[in-house]
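See below for the structure under consideration.
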Amino acid sequence: MSGRGRSPVCVGVEIAGSGSSLPARRVTNGDLVAMMDTSDEWIVQRTGIRERRIYDREKEGTADLAADAARKAIADAGLLPTDIDLVVVGTMTPDSPTPSVACVVADRIGAGKVGAFDVNGACCGFVFAINTAHDLINGGAYRNVVVAGADTITRFCDFSTAGRNVAVLFGDAAAAVVLRVSSDTSRGLLAQAMHSDGGGAKNLFVPGRKQDFPSNVEYDPKRINQIYMDGQAVFKFAVGTFSKLIEQTLERSGLKADEVDHYVCHQSNYRILDSARERFGLSPERLHVNIDRYGNTVGASVPLVFDELRKSGRVQPGQKVMFLAFGAGLTWGSSLWQL
Ligand code: ACO
């Protein structure tokens with residue numbers, strides 16, 4: 001039964017399982033050289049990306065990847081699909097405006113007629129979704145919730161020289177976790193933050209109509225439905241925001257930087273992640289990077305890193321993990337967990 005009545009007592013919340021799903025097509029920087037005027041050296045030096053996965057539009061979509069990741073996460077948690085009472089998907093690339101990706105996922109995995117909705121926070125989609133889902137469990141309304149991040153962003157990229165500053169950055173993927181109610185009330189969110197600045201959208205947006213072009217960007221009909229990005233403006237925003245966000249989240253939790261075991265960060269650019277490492281003196285073990293293999297996978301990026309850490313045994317119960325992301329909107333947010 002979905003949507004239980006509110007419990008008078010707050011409960012603990014644990015991350016009980018995780019899973020991920022990647023398109024089979026692997027596209028290396030060398031493959032991109034055949035499509036546009038670029039080089040492996042330029043891409044690696046500027047971004048750290050060596051390859052990414054690109055979905056097959058004829059055969060799969062965001063919901064297919066999200067459902068696959070959700071199934072794996074549920075199995076990893078030792079649950080059945082019928083145990084799930086809510087599905088939340090962070091995505092900015094649903095296959096169509098309706099149904100939501102979450103509705104399709106709930107049906108595909110066999111969860112029954114449970115609650116399901118998408119959260120559009122661009123690259124923050126998963127972080128915003130997990131904060132929301134945590135509080136729905138913590139308040140007593142739900143018990144076992146699938147939270148996924150899933151995007152097929154490459155359909156908004158131009159893989160010709162005209163779009164090379166954007167297309168080389170992105171890849172497609174989905175990853176999911178299962179949140180489960182726990183009798184241990186020390187488990188769950190220690191602190192969180194969610195922010196936006198719609199005024200900054202002019203530096204990173206996907207125009208659907210002529211009116212969507214801000215005054216600083218010349219209208220070009222060929223750019224409809226393609227990501228526009230002022231890379232340097234976004235870079236500055238990301239570097240500054242990352243540090244402030246970590247500081248704000250630590251302050252809210254009363255923890256010091258070295259008391260957090262893992263910083264699970266949105267993978268947008270190796271140099272952005274490196275600046276956060278330097279600023280807070282974090283070792284590579286505590287700020288894991290996988291952008292070299294997957295590029296920027298938008299909402300899937302954060303849970304993809306988490307799943308990788310979990311599967312390799314590096315994330316363990318009892319540890320503290322901070323999820324961090326920033327993205328189009330502009331948006332930025334964090335989620336600090338006691339596992
Ligand atoms: N290959 C070769 N040359 C290229 C490419 C390419 N793929 N793309 C651009 N160039 C050229 C440009 O044309 C320019 O040439 P010019 O000097 O002759 O004019 C030169 O390289 C430098 O271009 P810049 O855009 O100034 O390059 P920059 O050093 O800023 O690096 C980059 C670009 C990697 C995009 C960087 O700005 C960046 O990482 N920004 C942040 C991106 C980001 O994180 N975005 C996503 C976050 S939000 C989200 O995830 C939805």
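We label chains A, B, ... in the order they appear in the structure tokens, count residues from 1 in each chain, and number ligands from 1 in the order shown.
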
Residues of chain A within 6 Å of ligand 1: nearest atom pair and distance (Å, one decimal) for each, counting only C-alpha atoms and all ligand atoms, sorted by chain and number, as CSV?
```
residue,atom,partner,partner_atom_place_in_ligand_line,distance
A:Thr38,CA,ligand 1,1 (N),3.6
A:Ser39,CA,ligand 1,1 (N),5.8
A:Trp42,CA,ligand 1,2 (C),5.5
A:Arg46,CA,ligand 1,34 (C),4.9
A:Thr47,CA,ligand 1,34 (C),5.4
A:Ala122,CA,ligand 1,51 (C),5.8
A:Cys123,CA,ligand 1,50 (O),5.0
A:Arg164,CA,ligand 1,7 (N),4.2
A:Asn165,CA,ligand 1,8 (N),3.4
A:Val168,CA,ligand 1,7 (N),5.6
A:Gly231,CA,ligand 1,37 (O),3.4
A:Gln232,CA,ligand 1,37 (O),4.2
A:Val234,CA,ligand 1,41 (C),4.9
A:Phe235,CA,ligand 1,41 (C),3.9
A:Ser268,CA,ligand 1,44 (O),4.3
A:Asn269,CA,ligand 1,39 (O),5.3
A:Val298,CA,ligand 1,50 (O),5.1
A:Gly327,CA,ligand 1,48 (S),3.7
A:Ala328,CA,ligand 1,51 (C),4.8
```

* Quick one: residues within 7 Å of segment 181-196 of chain A, only C-alpha atoms counted, chain neighbours fewer than 2 positions away excluded, as a PyMOL selection string? -> chain A and resi 11-14+128+137+143-144+179+198+249+252-253+329-339

* segment 92-339 of chain A: which residues are strand (DSSP E or B) by DSSP, as a ChimeraX atom specification? -> /A:115-119,144-151,170,173-182,188-196,204-205,228-229,262-265,296,320-327,331-338

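Distances here use only C-alpha atoms; by that measure, the residue among A:Val88, A:Asn120, A:Asp172, A:Ile15 closest to Ala133 of chain A is A:Val88.
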
* Shell of 7 Å around Gly61 of chain A, only C-alpha atoms, local chain residues under 3 positions omitted, as a ChimeraX atom specification -> /A:57,64-65,95,152

* **segment 78-83 of chain A environment, 7 Å, only C-alpha atoms, sequence neighbours closer than 6 positions dropped, as a PyMOL selection string** => chain A and resi 109-112+144

* Structure fact -> Between A:Val127, A:Val145, A:Leu136, A:Thr297, smallest distance to Met322 of chain A by only C-alpha atoms belongs to A:Val127

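Proximity ranking of A:Pro207, A:Val104, A:Asp40, A:Pro317 relative to Phe156 of chain A places A:Pro207 first, based on only C-alpha atoms.
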
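Here atom CA of Ile54 of chain A is placed at a distance of 28.1 Å from atom CA of Ala77 of chain A.
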
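Compared by their closest atoms to Asp56 of chain A, and using only C-alpha atoms, the residues A:Thr154, A:Ser18, A:Ser100, A:Ser283 rank with A:Thr154 nearest.
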
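The nearest approach to Ala175 of chain A among the residues A:Val105, A:Ala233, A:Ala141, A:Ala300, with only C-alpha atoms taken into account, belongs to A:Ala300.
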